[in-house]
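Undergrad: What follows is a structure written as structure tokens; I'll ask about it next.
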There are 2 protein chains.
Amino acid sequence: MYKLHCFAQSGNSFKVAFLLRALGQAYEPVFVDFMNGASRDPAWREATNEMGEAPILEDGTRRITQSGAILSYLADKHGAYGGTTPEEKLEVLRWILFDNHKFTSYFASYRFSKSFGPVAPDPAVMAWLKGRLEVAYDIVNKHLAKTPFMVGNAPTIADFSLSGYAFYPEEENGLDLLNRYPHVAAWVARMQALPGWVAPYDLMPGDRILPKW
Amino acid sequence: MYKLHCFAQSGNSFKVAFLLRALGQAYEPVFVDFMNGASRDPAWREATNEMGEAPILEDGTRRITQSGAILSYLADKHGAYGGTTPEEKLEVLRWILFDNHKFTSYFASYRFSKSFGPVAPDPAVMAWLKGRLEVAYDIVNKHLAKTPFMVGNAPTIADFSLSGYAFYPEEENGLDLLNRYPHVAAWVARMQALPGWVAPYDLMPGDRILPKW
């Protein structure tokens with residue numbers, strides 16, 4: 001059985017947990033106490049992931065990190081959600097890269113600083129991140145005005161990747177994004193209707209933390 | 001012949017230009033006047049790349065964007081630099097994702113703000129980016145203490161991706177990174193010794209701009 005190292009607040013972990021459920025694949029969650037610094041421990045990095053991040057997927061003796069790499073591995077292995085042609089597969093990769101570079105990344109940094117960081121967020125940094133994440137949301141919103149899912153007419157791992165953080169309570173970011181980006185909101189609802197969807201805080205281990213700032 | 005939409009300051013474009021040269025593939029550069037806002041024009045985005053970024057590779061009627069997707073496409077098509085086993089190919093993807101999320105991304109934002117931005121950089125934002133890019137450099141430096149290239153003993157597109165910005169003049173970032181991360185420096189020298197390497201400002205179209213701030 002798969003093992004998935006994850007924690008409740010990690011939208012990157014949720015991307016994989018949700019895909020495993022959509023694929024009908026059982027897995028054992030392994031709690032990473034990221035919020036208390038477990039992944040900053042050099043011994044954890046040496047043994048588990050030198051990049052210091054969750055999720056990590058164990059499949060027998062294989063150990064894979066980076067949500068985008070895990071999603072690609074699972075889509076290939078189970079023959080689903082990977083796109084149906086070489087052109088689609090490359091488009092899927094293209095959007096997963098955009099997600100990692102600009103969509104999830106700026107949003108996740110903003111949300112973490114806003115709700116979970118060790119110190120009150122710096123206004124200048126938050127304004128910079130907000131500007132960047134809004135540019136990324138605008139690009140995805142415009143794209144989703146023309147297509148129900150990111151690549152073609154059916155969900156792919158590009159959708160699992162980009163939507164991963166959109167299922168968390170909006171109070172954690174306070175940006176009212178789903179009202180402001182209606183095509184993103186409609187697509188989030190389409191993803192939420194897929195088999196296996198469960199709210200992140202009901203799915204992954206770790207205590208819920210209320211916004212701190 | 002390939003066409004590569006690119007501009008001199010773009011390390012992401014350089015990743016692809018360098019790989020094309022290492023593969024012995026001719027290409028026609030197409031200048032993107034990014035530094036003067038060409039890629040923010042809605043008409044350019046509609047016609048060329050909705051993500052508003054360079055590089056873009058044209059291969060006949062195909063048009064591919066995101067440096068990581070282009071590198072993967074070229075490695076597959078030419079059967080080189082992609083890794084030799086499924087395990088290596090997944091490791092290559094894993095590092096390309098890390099590069100897009102944390103290594104190139106924070107560094108490129110820092111360098112752009114430091115040298116080329118329209119206004120003087122905000123000290124709080126620069127301190128935040130510097131902290132993040134140093135964490136990423138430390139992870140890559142530790143990894144390169146154990147291996148000559150990112151995945152296995154030969155260069156792959158993971159190396160082309162991660163090293164793309166390291167060939168620009170250090171005065172553009174002012175962080176003295178190659179002295180501070182010696183395993184990164186040794187690897188950059190190994191990449192620079194590959195066939196086809198040319199300094200970015202000698203390779204791609206667009207005027208050199210001296211650091212503004």
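Each chain in the structure tokens gets a letter, A, B, ..., in the order shown, and its residues are numbered from 1; ligands are numbered from 1 in order too.
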Per DSSP on the backbone, what are the strand (DSSP E or B) residues of segment 26-121 of chain B, as a list of chain:residue names?
TA: B:Tyr27, B:Glu28, B:Pro29, B:Val30, B:Phe31, B:Ile56, B:Leu57, B:Glu58, B:Asp59, B:Arg62, B:Arg63, B:Ile64, B:Thr65
Undergrad: Would you save the residues of that selection, restricted to N, CA and C atoms, as an mmCIF file, in the first residue's frame?
TA:
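New file result05.cif:
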```
data_model
loop_
_atom_site.group_PDB
_atom_site.id
_atom_site.type_symbol
_atom_site.label_atom_id
_atom_site.label_comp_id
_atom_site.auth_asym_id
_atom_site.auth_seq_id
_atom_site.Cartn_x
_atom_site.Cartn_y
_atom_site.Cartn_z
ATOM 1 N N TYR B 27 18.680 27.076 -34.484
ATOM 2 C CA TYR B 27 17.392 27.719 -34.211
ATOM 3 C C TYR B 27 17.488 29.186 -34.596
ATOM 4 N N GLU B 28 16.328 29.742 -34.871
ATOM 5 C CA GLU B 28 16.245 31.171 -35.181
ATOM 6 C C GLU B 28 15.724 31.895 -33.956
ATOM 7 N N PRO B 29 16.488 32.830 -33.386
ATOM 8 C CA PRO B 29 15.955 33.582 -32.242
ATOM 9 C C PRO B 29 14.913 34.601 -32.685
ATOM 10 N N VAL B 30 13.881 34.738 -31.892
ATOM 11 C CA VAL B 30 12.844 35.756 -32.118
ATOM 12 C C VAL B 30 12.842 36.639 -30.867
ATOM 13 N N PHE B 31 13.132 37.911 -31.046
ATOM 14 C CA PHE B 31 13.297 38.807 -29.900
ATOM 15 C C PHE B 31 11.951 39.122 -29.238
ATOM 16 N N ILE B 56 9.492 30.820 -25.597
ATOM 17 C CA ILE B 56 8.523 30.034 -26.360
ATOM 18 C C ILE B 56 9.299 29.346 -27.471
ATOM 19 N N LEU B 57 9.102 28.055 -27.619
ATOM 20 C CA LEU B 57 9.744 27.316 -28.718
ATOM 21 C C LEU B 57 8.701 27.007 -29.775
ATOM 22 N N GLU B 58 9.043 27.327 -31.018
ATOM 23 C CA GLU B 58 8.209 26.883 -32.141
ATOM 24 C C GLU B 58 8.934 25.749 -32.862
ATOM 25 N N ASP B 59 8.203 24.653 -33.059
ATOM 26 C CA ASP B 59 8.724 23.510 -33.810
ATOM 27 C C ASP B 59 7.663 23.198 -34.871
ATOM 28 N N ARG B 62 3.921 23.516 -33.922
ATOM 29 C CA ARG B 62 3.790 23.413 -32.459
ATOM 30 C C ARG B 62 4.418 24.621 -31.790
ATOM 31 N N ARG B 63 3.823 24.996 -30.685
ATOM 32 C CA ARG B 63 4.316 26.135 -29.925
ATOM 33 C C ARG B 63 4.292 25.705 -28.461
ATOM 34 N N ILE B 64 5.438 25.716 -27.821
ATOM 35 C CA ILE B 64 5.552 25.197 -26.459
ATOM 36 C C ILE B 64 6.118 26.296 -25.574
ATOM 37 N N THR B 65 5.547 26.474 -24.392
ATOM 38 C CA THR B 65 6.094 27.435 -23.444
ATOM 39 C C THR B 65 6.397 26.729 -22.127
#
```
Undergrad: Select, as a compact mmCIF listing (two decimals) with C-alpha atoms, in the first residue's frame, those residues of chain A with any atom no more than 10 Å from chain B (distances computed using only C-alpha atoms).
TA:
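Result file result38.txt:
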```txt
# COMPACT_ATOMS: atom_id res chain seq x y z
CA ARG A 45 16.10 15.77 5.52
CA GLU A 50 16.61 16.69 1.22
CA MET A 51 14.29 19.40 -0.13
CA GLY A 52 12.66 19.73 3.30
CA ARG A 62 10.53 3.89 -4.07
CA ILE A 64 9.19 10.23 -4.58
CA THR A 65 8.93 13.90 -3.62
CA GLN A 66 7.60 17.05 -5.26
CA SER A 67 3.84 16.95 -5.74
CA GLY A 68 4.18 17.48 -9.50
CA ALA A 69 6.52 14.50 -9.84
CA ILE A 70 4.26 12.32 -7.69
CA SER A 72 3.00 12.43 -12.93
CA TYR A 73 4.15 9.10 -11.50
CA PRO A 86 1.61 13.56 -26.25
CA GLU A 87 0.43 17.13 -26.90
CA LYS A 89 0.70 15.45 -21.69
CA LEU A 90 3.05 18.32 -22.50
CA GLU A 91 0.29 20.86 -21.83
CA VAL A 92 -0.31 19.15 -18.48
CA LEU A 93 3.38 19.50 -17.62
CA ARG A 94 3.35 23.13 -18.76
CA TRP A 95 0.53 24.03 -16.37
CA ILE A 96 2.04 22.05 -13.50
CA LEU A 97 5.25 24.05 -13.96
CA PHE A 98 3.29 27.32 -14.02
CA ASP A 99 1.53 26.18 -10.86
CA ASN A 100 4.80 25.47 -9.08
CA HIS A 101 6.42 28.68 -10.28
CA LYS A 102 3.60 31.19 -9.88
CA PHE A 103 0.15 29.93 -8.91
CA THR A 104 0.48 27.66 -5.90
CA SER A 105 3.82 29.11 -4.88
CA TYR A 106 2.91 32.76 -4.32
CA ASP A 122 5.49 42.08 6.81
CA PRO A 123 3.13 44.39 4.89
CA ALA A 124 5.59 45.02 2.05
CA VAL A 125 6.21 41.30 1.51
CA MET A 126 2.48 40.56 1.65
CA ALA A 127 1.74 43.29 -0.89
CA TRP A 128 4.40 41.89 -3.21
CA LEU A 129 3.08 38.33 -2.90
CA VAL A 135 -1.38 37.99 -11.79
CA ALA A 136 -1.28 34.19 -11.69
CA ASP A 138 -5.88 36.24 -13.59
CA ILE A 139 -4.02 34.06 -16.09
CA VAL A 140 -5.74 30.90 -14.86
CA LYS A 142 -8.82 33.79 -18.32
CA HIS A 143 -7.78 30.29 -19.37
```
Undergrad: Using only C-alpha atoms, which residues sit within 6 Å of segment 6-11 of chain B once same-chain residues fewer than 3 positions away are excluded, as a PyMOL selection string?
TA: chain B and resi 14+31-32+54-55+164-165+201+204-206
Undergrad: Just write the chosen residues, N, CA and C atoms, as a CSV table (one decimal), in the first residue's frame.
TA:
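File out19.csv, as written:
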```
chain,number,residue,atom,x,y,z
B,14,PHE,N,17.7,31.2,-21.7
B,14,PHE,CA,19.0,30.7,-21.9
B,14,PHE,C,19.1,29.2,-21.6
B,31,PHE,N,13.1,37.9,-31.0
B,31,PHE,CA,13.3,38.8,-29.9
B,31,PHE,C,12.0,39.1,-29.2
B,32,VAL,N,11.9,38.9,-27.9
B,32,VAL,CA,10.7,39.3,-27.1
B,32,VAL,C,11.2,40.6,-26.4
B,54,ALA,N,8.6,34.4,-21.6
B,54,ALA,CA,9.5,33.8,-22.5
B,54,ALA,C,10.3,32.7,-21.6
B,55,PRO,N,10.8,31.6,-22.3
B,55,PRO,CA,10.9,31.4,-23.7
B,55,PRO,C,9.6,30.7,-24.3
B,164,GLY,N,20.6,27.8,-15.3
B,164,GLY,CA,20.3,28.8,-16.3
B,164,GLY,C,20.7,30.2,-15.9
B,165,TYR,N,20.4,30.6,-14.7
B,165,TYR,CA,20.7,32.0,-14.3
B,165,TYR,C,22.1,32.2,-13.7
B,201,TYR,N,24.8,36.9,-22.7
B,201,TYR,CA,24.7,38.1,-23.4
B,201,TYR,C,25.3,38.1,-24.8
B,204,MET,N,21.8,35.7,-26.9
B,204,MET,CA,20.4,36.0,-27.1
B,204,MET,C,20.2,37.5,-27.4
B,205,PRO,N,19.2,37.8,-28.2
B,205,PRO,CA,19.0,39.2,-28.7
B,205,PRO,C,18.5,40.1,-27.6
B,206,GLY,N,18.8,41.4,-27.7
B,206,GLY,CA,18.4,42.4,-26.8
B,206,GLY,C,19.6,43.1,-26.2
```
Undergrad: Would you work out the distance separating atom CA of Arg208 of chain B from atom CA of Asn179 of chain B, expressed in Å to one decimal?
TA: 24.7 Å
